[in-house]
Amino acid sequence: MRKPGVVLVLTATALVATVVPASASAADDSLTPYTAQQITWGNCAFTPDQTAKPARCAQITVPRDWANPGAGIDLKVSISRVSATGDRRGAILVNPGGPGGQGTSWVGALAGLEPSVNQLYDFIGMDPRGTGREGSDDNGFVCQVPTSRLPNETDLDARDRSARSIALHQQTPRAIAEACQSDAIAPYITTWQTAHDMDLIRVLLGEEKLNYLGYSYGTWLGAKYASLFPERAGKVVLDSSVNFEGRLQANFEAFPVIDQRQFDDVYLPWLARQFPDQLGRTAAEVKTKWGQVRAYYAAHGMAPDAFDRVFVGNGGENGWLNATLVFARGEAALDGRATRVPAALNGQLDARSRAAFGVGVAELTAAKVIASATALEEADYVRVPGTRLSVACGDQATHSAEWYKRLSDRQGPKYPLYGWEYGVSEVCGFWSERPQQELPTLPAQVAKNVLVVQGEFDPQTGYEQASEAARSAGVPLVSVDDSPFHGQYALSGNPCVDGLVNTFLTKDSRPGDTTCPGVPLPGEDQVFSVPGPVSGSHGVGRKLDDTSSGLRQSLHGLISRLNRWM
């Protein structure tokens with residue numbers, strides 16, 4: 001291991017050369033307050049999971065604008081660490097996605113789930129700029145949207161294509177965009193800025209290279225860090241990947257396509273297997289019943305848009321189970337009969353019902369679902385997290401609101417679950433700030449150290465986006481056959497995926513293009529093969545049976561919630 005002092009000299013020089021277009025001496029002067037600071041580790045503000053390894057936390061100071069670090073306006077970024085338990089090789093920075101996901105609490109959980117990796121690496125978490133400090137009262141960049149600017153209708157349905165309906169739907173994204181952009185911090189909450197924060201973390205840790213594990217949007221962040229700092233990027237694992245070689249916004253624009261595919265091809269057949277007597281014995285029968293339940297909820301005060309969104313972006317078991325509770329209880333009210341809950345699902349559905357609705361599954365009714373969906377807090381302003389929008393809309397030039405409306409017209413008939421609503425609710429259509437920095441694509445020298453992992457029916461980052469990114473960058477892709485969930489490594493209990501990634505991280509052996517079998521869905525003990533973009537038969541999947549399943553499910557649920565685009 002090199003001495004920290006030597007590393008600081010080398011890495012600070014690389015950092016200066018990248019971010020400051022000035023003389024070396026001037027650049028050194030402006031960066032010294034940041035590169036010379038000391039990390040003081042202490043207790044974390046968040047409460048860790050009981051099964052997670054204990055982490056230590058700190059805050060570092062970063063310039064608000066890395067393009068002008070001498071301006072004197074600073075921000076604080078929270079970081080965390082779980083130290084390596086064995087012969088330490090370096091550090092792995094973790095990001096759960098979003099944009100806007102806090103990562104400081106993640107390191108203890110991941111270190112506990114993957115001890116062989118933690119033996120060799122420190123796990124480093126970060127609450128990216130704009131996200132505040134996890135576990136504290138600091139919520140970061142929050143947009144205050146006046147309630148008076150939002151529609152007060154409770155029956156919004158994007159399938160209504162009248163001029164009035166379109167105008168009402170576009171009211172909300174316009175108000176959010178204007179509120180977020182009125183905050184002076186908005187132009188500085190971007191991937192370019194956060195990537196420079198990451199390299200400062202590397203400098204302060206005394207690392208020559210920074211290894212990385214990112215999920216969802218975190219794949220974009222990790223790829224752009226490696227593209228901006230190719231000499232400083234170590235091993236990079238990109239799980240549930242966007243097309244990091246293209247447009248970030250294009251990945252959100254594909255939500256209607258990939259959500260409809262998961263809904264039609266995986267979720268509805270699963271319901272038919274689990275609830276044949278209540279919901280239907282075929283996917284087609286279940287879909288017909290779903291439409292009837294949608295109409296029932298609409299007639300009893302739950303906006304059709306709100307009902308549709310229950311089934312959108314369900315990238316984890318928790319989302320599936322929540323949607324199933326809403327559907328099944330609506331069907332029971334519609335048909336006037338009790339829903340038989342499969343024994344294999346009863347425990348999971350009961351736990352989700354208590355977490356989501358405050359009552360057990362036996363006490364949950366359609367009326368309680370409607371009350372939960374329509375509960376509104378009387379306030380003058382609605383608080384909307386700004387980091388997600390500043391990054392998604394500010395990293396690259398966006399399309400206009402009219403372009404997104406036309407996208408809705410095209411997608412709605414083909415992908416009605418979310419196609420009608422997405423385009424008329426896209427905040428980026430009203431974003432007027434132009435990108436201040438360009439984000440490069442992945443250079444060949446970094447591609448040799450990158451591995452992409454992707455589930456076949458992921459409803460939040462489509463398989464086609466991940467495969468196109470891997471193809472364009474020339475990096476291998478680990479495909480997970482039949483998997484409908486978002487987040488694979490360490491989260492899904494898939495021994496094939498975990499084994500391949502751990503071998504890459506610990507034994508310096510990267511696989512080529514590989515397909516892993518998926519793992520069984522909730523309440524099932526076998527994988528039901530579904531035709532899709534991953535072709536061929538890839539064996540029988542099995543799920544890890546260990547004491548960490550609860551922690552895996554919790555993290556999987558968080559990944560899905562963080563990256564739902566709505």
# chains A, B, ... in the order shown; residues from 1 in each chain; ligands from 1
>>> residues_around(residues="region 337-346 of chain A", least_positions_apart="4", cutoff="6 Å", atoms="only C-alpha atoms", output="PDB file with C-alpha atoms, in the first residue's frame")
ATOM      1  CA  ALA A 332     -63.448  -8.794  -2.995  1.00  0.00           C
ATOM      2  CA  ASP A 350     -49.897  -9.833   6.150  1.00  0.00           C
ATOM      3  CA  GLY A 523     -44.973 -17.830  -2.807  1.00  0.00           C
TER       4      GLY A 523
END
>>> select_by_dssp(residues="region 227-260 of chain A", states="alpha helix (DSSP H)", output="PDB file with N, CA, C and O atoms, in the first residue's frame")
ATOM      1  N   SER A 227     -15.767   7.726 -16.592  1.00  0.00           N
ATOM      2  CA  SER A 227     -15.495   8.432 -17.840  1.00  0.00           C
ATOM      3  C   SER A 227     -14.763   9.746 -17.591  1.00  0.00           C
ATOM      4  O   SER A 227     -13.897  10.144 -18.379  1.00  0.00           O
ATOM      5  N   LEU A 228     -15.104  10.419 -16.501  1.00  0.00           N
ATOM      6  CA  LEU A 228     -14.452  11.689 -16.172  1.00  0.00           C
ATOM      7  C   LEU A 228     -13.084  11.482 -15.533  1.00  0.00           C
ATOM      8  O   LEU A 228     -12.186  12.320 -15.687  1.00  0.00           O
ATOM      9  N   LEU A 248     -29.741   9.837 -20.460  1.00  0.00           N
ATOM     10  CA  LEU A 248     -30.336   9.387 -19.206  1.00  0.00           C
ATOM     11  C   LEU A 248     -31.857   9.439 -19.290  1.00  0.00           C
ATOM     12  O   LEU A 248     -32.548   8.521 -18.854  1.00  0.00           O
ATOM     13  N   GLN A 249     -32.391  10.506 -19.859  1.00  0.00           N
ATOM     14  CA  GLN A 249     -33.834  10.679 -19.904  1.00  0.00           C
ATOM     15  C   GLN A 249     -34.516   9.593 -20.744  1.00  0.00           C
ATOM     16  O   GLN A 249     -35.663   9.234 -20.489  1.00  0.00           O
ATOM     17  N   ALA A 250     -33.810   9.049 -21.715  1.00  0.00           N
ATOM     18  CA  ALA A 250     -34.400   7.997 -22.550  1.00  0.00           C
ATOM     19  C   ALA A 250     -34.763   6.765 -21.726  1.00  0.00           C
ATOM     20  O   ALA A 250     -35.695   6.032 -22.073  1.00  0.00           O
ATOM     21  N   ASN A 251     -34.062   6.551 -20.646  1.00  0.00           N
ATOM     22  CA  ASN A 251     -34.370   5.410 -19.798  1.00  0.00           C
ATOM     23  C   ASN A 251     -35.694   5.599 -19.078  1.00  0.00           C
ATOM     24  O   ASN A 251     -36.450   4.650 -18.891  1.00  0.00           O
ATOM     25  N   PHE A 252     -36.000   6.824 -18.668  1.00  0.00           N
ATOM     26  CA  PHE A 252     -37.293   7.089 -18.053  1.00  0.00           C
ATOM     27  C   PHE A 252     -38.404   7.050 -19.105  1.00  0.00           C
ATOM     28  O   PHE A 252     -39.525   6.618 -18.820  1.00  0.00           O
ATOM     29  N   GLU A 253     -38.094   7.488 -20.299  1.00  0.00           N
ATOM     30  CA  GLU A 253     -39.090   7.485 -21.372  1.00  0.00           C
ATOM     31  C   GLU A 253     -39.514   6.070 -21.755  1.00  0.00           C
ATOM     32  O   GLU A 253     -40.579   5.873 -22.354  1.00  0.00           O
ATOM     33  N   PHE A 255     -40.121   3.753 -19.511  1.00  0.00           N
ATOM     34  CA  PHE A 255     -40.890   3.175 -18.417  1.00  0.00           C
ATOM     35  C   PHE A 255     -42.214   2.560 -18.876  1.00  0.00           C
ATOM     36  O   PHE A 255     -42.546   1.435 -18.476  1.00  0.00           O
ATOM     37  N   PRO A 256     -43.027   3.246 -19.688  1.00  0.00           N
ATOM     38  CA  PRO A 256     -44.284   2.619 -20.099  1.00  0.00           C
ATOM     39  C   PRO A 256     -44.094   1.285 -20.807  1.00  0.00           C
ATOM     40  O   PRO A 256     -44.895   0.353 -20.619  1.00  0.00           O
ATOM     41  N   VAL A 257     -43.044   1.176 -21.607  1.00  0.00           N
ATOM     42  CA  VAL A 257     -42.792  -0.054 -22.364  1.00  0.00           C
ATOM     43  C   VAL A 257     -42.434  -1.201 -21.426  1.00  0.00           C
ATOM     44  O   VAL A 257     -43.020  -2.290 -21.485  1.00  0.00           O
ATOM     45  N   ILE A 258     -41.466  -0.971 -20.557  1.00  0.00           N
ATOM     46  CA  ILE A 258     -40.972  -2.064 -19.716  1.00  0.00           C
ATOM     47  C   ILE A 258     -41.937  -2.388 -18.572  1.00  0.00           C
ATOM     48  O   ILE A 258     -41.995  -3.534 -18.121  1.00  0.00           O
ATOM     49  N   ASP A 259     -42.715  -1.406 -18.120  1.00  0.00           N
ATOM     50  CA  ASP A 259     -43.718  -1.699 -17.100  1.00  0.00           C
ATOM     51  C   ASP A 259     -44.838  -2.553 -17.664  1.00  0.00           C
ATOM     52  O   ASP A 259     -45.316  -3.485 -17.000  1.00  0.00           O
ATOM     53  N   GLN A 260     -45.275  -2.237 -18.879  1.00  0.00           N
ATOM     54  CA  GLN A 260     -46.338  -3.027 -19.503  1.00  0.00           C
ATOM     55  C   GLN A 260     -45.868  -4.453 -19.732  1.00  0.00           C
ATOM     56  O   GLN A 260     -46.637  -5.412 -19.534  1.00  0.00           O
TER      57      GLN A 260
END
>>> residues_around(residues="region 428-435 of chain A", least_positions_apart="4", cutoff="6 Å", atoms="only C-alpha atoms", output="compact mmCIF listing (two decimals) with N, CA and C atoms, in the first residue's frame")
# COMPACT_ATOMS: atom_id res chain seq x y z
N ARG A 174 -45.35 21.23 -14.37
CA ARG A 174 -44.94 22.62 -14.58
C ARG A 174 -44.65 23.29 -13.23
N ALA A 177 -41.38 21.86 -11.70
CA ALA A 177 -40.18 22.35 -12.39
C ALA A 177 -39.88 23.79 -12.01
N CYS A 393 -33.18 16.06 -15.11
CA CYS A 393 -33.50 17.08 -16.09
C CYS A 393 -32.31 17.99 -16.42
N GLY A 394 -31.29 17.98 -15.56
CA GLY A 394 -30.19 18.92 -15.73
C GLY A 394 -28.91 18.34 -16.28
N ASP A 395 -28.80 16.99 -16.30
CA ASP A 395 -27.57 16.39 -16.81
C ASP A 395 -27.39 16.64 -18.30
N GLN A 396 -28.50 16.56 -19.04
CA GLN A 396 -28.46 16.70 -20.50
C GLN A 396 -29.68 17.50 -20.95
N HIS A 399 -36.34 17.27 -23.73
CA HIS A 399 -37.37 17.57 -24.72
C HIS A 399 -38.39 18.52 -24.13
N SER A 400 -39.23 19.08 -24.98
CA SER A 400 -40.25 20.03 -24.54
C SER A 400 -41.48 19.29 -24.01
N ALA A 401 -42.34 20.04 -23.31
CA ALA A 401 -43.59 19.46 -22.82
C ALA A 401 -44.46 18.96 -23.97
>>> residues_around(residues="Glu285 (chain A)", least_positions_apart="2", cutoff="12 Å", atoms="only C-alpha atoms", output="PyMOL selection string")
chain A and resi 264+268-269+271-273+275-283+287-292
>>> write_last_selection(atoms="N, CA, C and O atoms", output="CSV table (one decimal), in the first residue's frame")
chain,number,residue,atom,x,y,z
A,264,ASP,N,-47.8,-7.5,-18.1
A,264,ASP,CA,-48.5,-8.5,-18.9
A,264,ASP,C,-47.9,-9.9,-18.9
A,264,ASP,O,-48.6,-10.9,-18.8
A,268,LEU,N,-49.2,-10.7,-14.3
A,268,LEU,CA,-50.6,-11.3,-14.4
A,268,LEU,C,-50.5,-12.8,-14.4
A,268,LEU,O,-51.4,-13.4,-13.8
A,269,PRO,N,-49.6,-13.4,-15.1
A,269,PRO,CA,-49.5,-14.9,-15.0
A,269,PRO,C,-49.3,-15.4,-13.6
A,269,PRO,O,-49.8,-16.4,-13.2
A,271,LEU,N,-50.3,-13.9,-10.8
A,271,LEU,CA,-51.6,-13.7,-10.2
A,271,LEU,C,-52.5,-14.9,-10.5
A,271,LEU,O,-53.2,-15.4,-9.6
A,272,ALA,N,-52.5,-15.3,-11.8
A,272,ALA,CA,-53.3,-16.4,-12.2
A,272,ALA,C,-52.9,-17.7,-11.5
A,272,ALA,O,-53.8,-18.6,-11.2
A,273,ARG,N,-51.7,-17.9,-11.2
A,273,ARG,CA,-51.2,-19.1,-10.5
A,273,ARG,C,-51.6,-19.0,-9.0
A,273,ARG,O,-51.9,-20.0,-8.4
A,275,PHE,N,-54.0,-16.8,-7.5
A,275,PHE,CA,-55.4,-16.5,-7.2
A,275,PHE,C,-56.4,-17.0,-8.3
A,275,PHE,O,-57.2,-16.2,-8.8
A,276,PRO,N,-56.3,-18.2,-8.7
A,276,PRO,CA,-57.1,-18.7,-9.9
A,276,PRO,C,-58.6,-18.5,-9.7
A,276,PRO,O,-59.3,-18.2,-10.6
A,277,ASP,N,-59.1,-18.8,-8.4
A,277,ASP,CA,-60.5,-18.8,-8.2
A,277,ASP,C,-61.1,-17.4,-8.0
A,277,ASP,O,-62.2,-17.1,-8.3
A,278,GLN,N,-60.2,-16.4,-7.6
A,278,GLN,CA,-60.6,-15.1,-7.4
A,278,GLN,C,-60.4,-14.1,-8.6
A,278,GLN,O,-61.3,-13.3,-8.9
A,279,LEU,N,-59.2,-14.2,-9.2
A,279,LEU,CA,-58.8,-13.2,-10.2
A,279,LEU,C,-58.8,-13.8,-11.6
A,279,LEU,O,-58.9,-13.0,-12.5
A,280,GLY,N,-58.8,-15.1,-11.7
A,280,GLY,CA,-58.8,-15.7,-13.1
A,280,GLY,C,-57.7,-16.7,-13.2
A,280,GLY,O,-56.7,-16.7,-12.6
A,281,ARG,N,-58.0,-17.7,-14.1
A,281,ARG,CA,-57.1,-18.8,-14.3
A,281,ARG,C,-56.1,-18.6,-15.4
A,281,ARG,O,-55.2,-19.4,-15.6
A,282,THR,N,-56.3,-17.5,-16.2
A,282,THR,CA,-55.3,-17.1,-17.2
A,282,THR,C,-54.9,-15.7,-17.1
A,282,THR,O,-55.7,-14.9,-16.4
A,283,ALA,N,-53.8,-15.3,-17.7
A,283,ALA,CA,-53.5,-13.9,-17.6
A,283,ALA,C,-54.5,-13.0,-18.3
A,283,ALA,O,-54.8,-11.9,-17.8
A,287,LYS,N,-56.5,-9.9,-16.4
A,287,LYS,CA,-56.4,-8.6,-16.9
A,287,LYS,C,-57.8,-8.0,-17.1
A,287,LYS,O,-58.1,-6.8,-16.8
A,288,THR,N,-58.8,-8.8,-17.5
A,288,THR,CA,-60.2,-8.4,-17.5
A,288,THR,C,-60.7,-8.0,-16.1
A,288,THR,O,-61.3,-6.9,-16.0
A,289,LYS,N,-60.4,-8.8,-15.2
A,289,LYS,CA,-60.8,-8.5,-13.8
A,289,LYS,C,-60.1,-7.2,-13.3
A,289,LYS,O,-60.7,-6.4,-12.6
A,290,TRP,N,-58.8,-7.1,-13.7
A,290,TRP,CA,-58.1,-5.9,-13.3
A,290,TRP,C,-58.8,-4.6,-13.8
A,290,TRP,O,-59.0,-3.6,-13.0
A,291,GLY,N,-59.3,-4.6,-15.0
A,291,GLY,CA,-60.0,-3.5,-15.5
A,291,GLY,C,-61.3,-3.2,-14.8
A,291,GLY,O,-61.7,-2.1,-14.6
A,292,GLN,N,-62.0,-4.3,-14.4
A,292,GLN,CA,-63.2,-4.1,-13.6
A,292,GLN,C,-62.9,-3.5,-12.2
A,292,GLN,O,-63.7,-2.7,-11.7
>>> closest_residue(among="A:Leu75, A:Ala469, A:Val480, A:Val145", to="Arg247 (chain A)", atoms="only C-alpha atoms")
A:Ala469
>>> residues_around(residues="Gln488 (chain A)", least_positions_apart="4", cutoff="9 Å", atoms="only C-alpha atoms", output="ChimeraX atom specification")
/A:215,239-240,453-455,480,483,492-494,497-498,556
>>> residues_around(residues="Gln262 (chain A)", least_positions_apart="2", cutoff="12 Å", atoms="only C-alpha atoms", output="PyMOL selection string")
chain A and resi 255-260+264-270+311-316+320+415+417+455-463+482-486+530-532
>>> select_by_dssp(residues="region 211-458 of chain A", states="strand (DSSP E)", output="ChimeraX atom specification")
/A:211-215,233-239,381-385,450-455
>>> closest_residue(among="A:Phe307, A:Phe141, A:Tyr121, A:Phe504", to="Ala295 (chain A)", atoms="only C-alpha atoms")
A:Phe307
>>> residues_around(residues="region 187-200 of chain A", least_positions_apart="4", cutoff="7 Å", atoms="only C-alpha atoms", output="MDAnalysis selection string")
chainID A and resid 35 62 64:66 128:130 204 221 225 387 390:391 394:395 437 439
>>> closest_atom_pairs(of="region 447-524 of chain A", to="region 82-100 of chain A", cutoff="10 Å", atoms="only C-alpha atoms", output="tab-separated table")
residue	atom	partner	partner_atom	distance
A:Gly487	CA	A:Pro96	CA	9.1
A:Leu505	CA	A:Ile92	CA	9.7
A:Thr506	CA	A:Arg89	CA	9.2
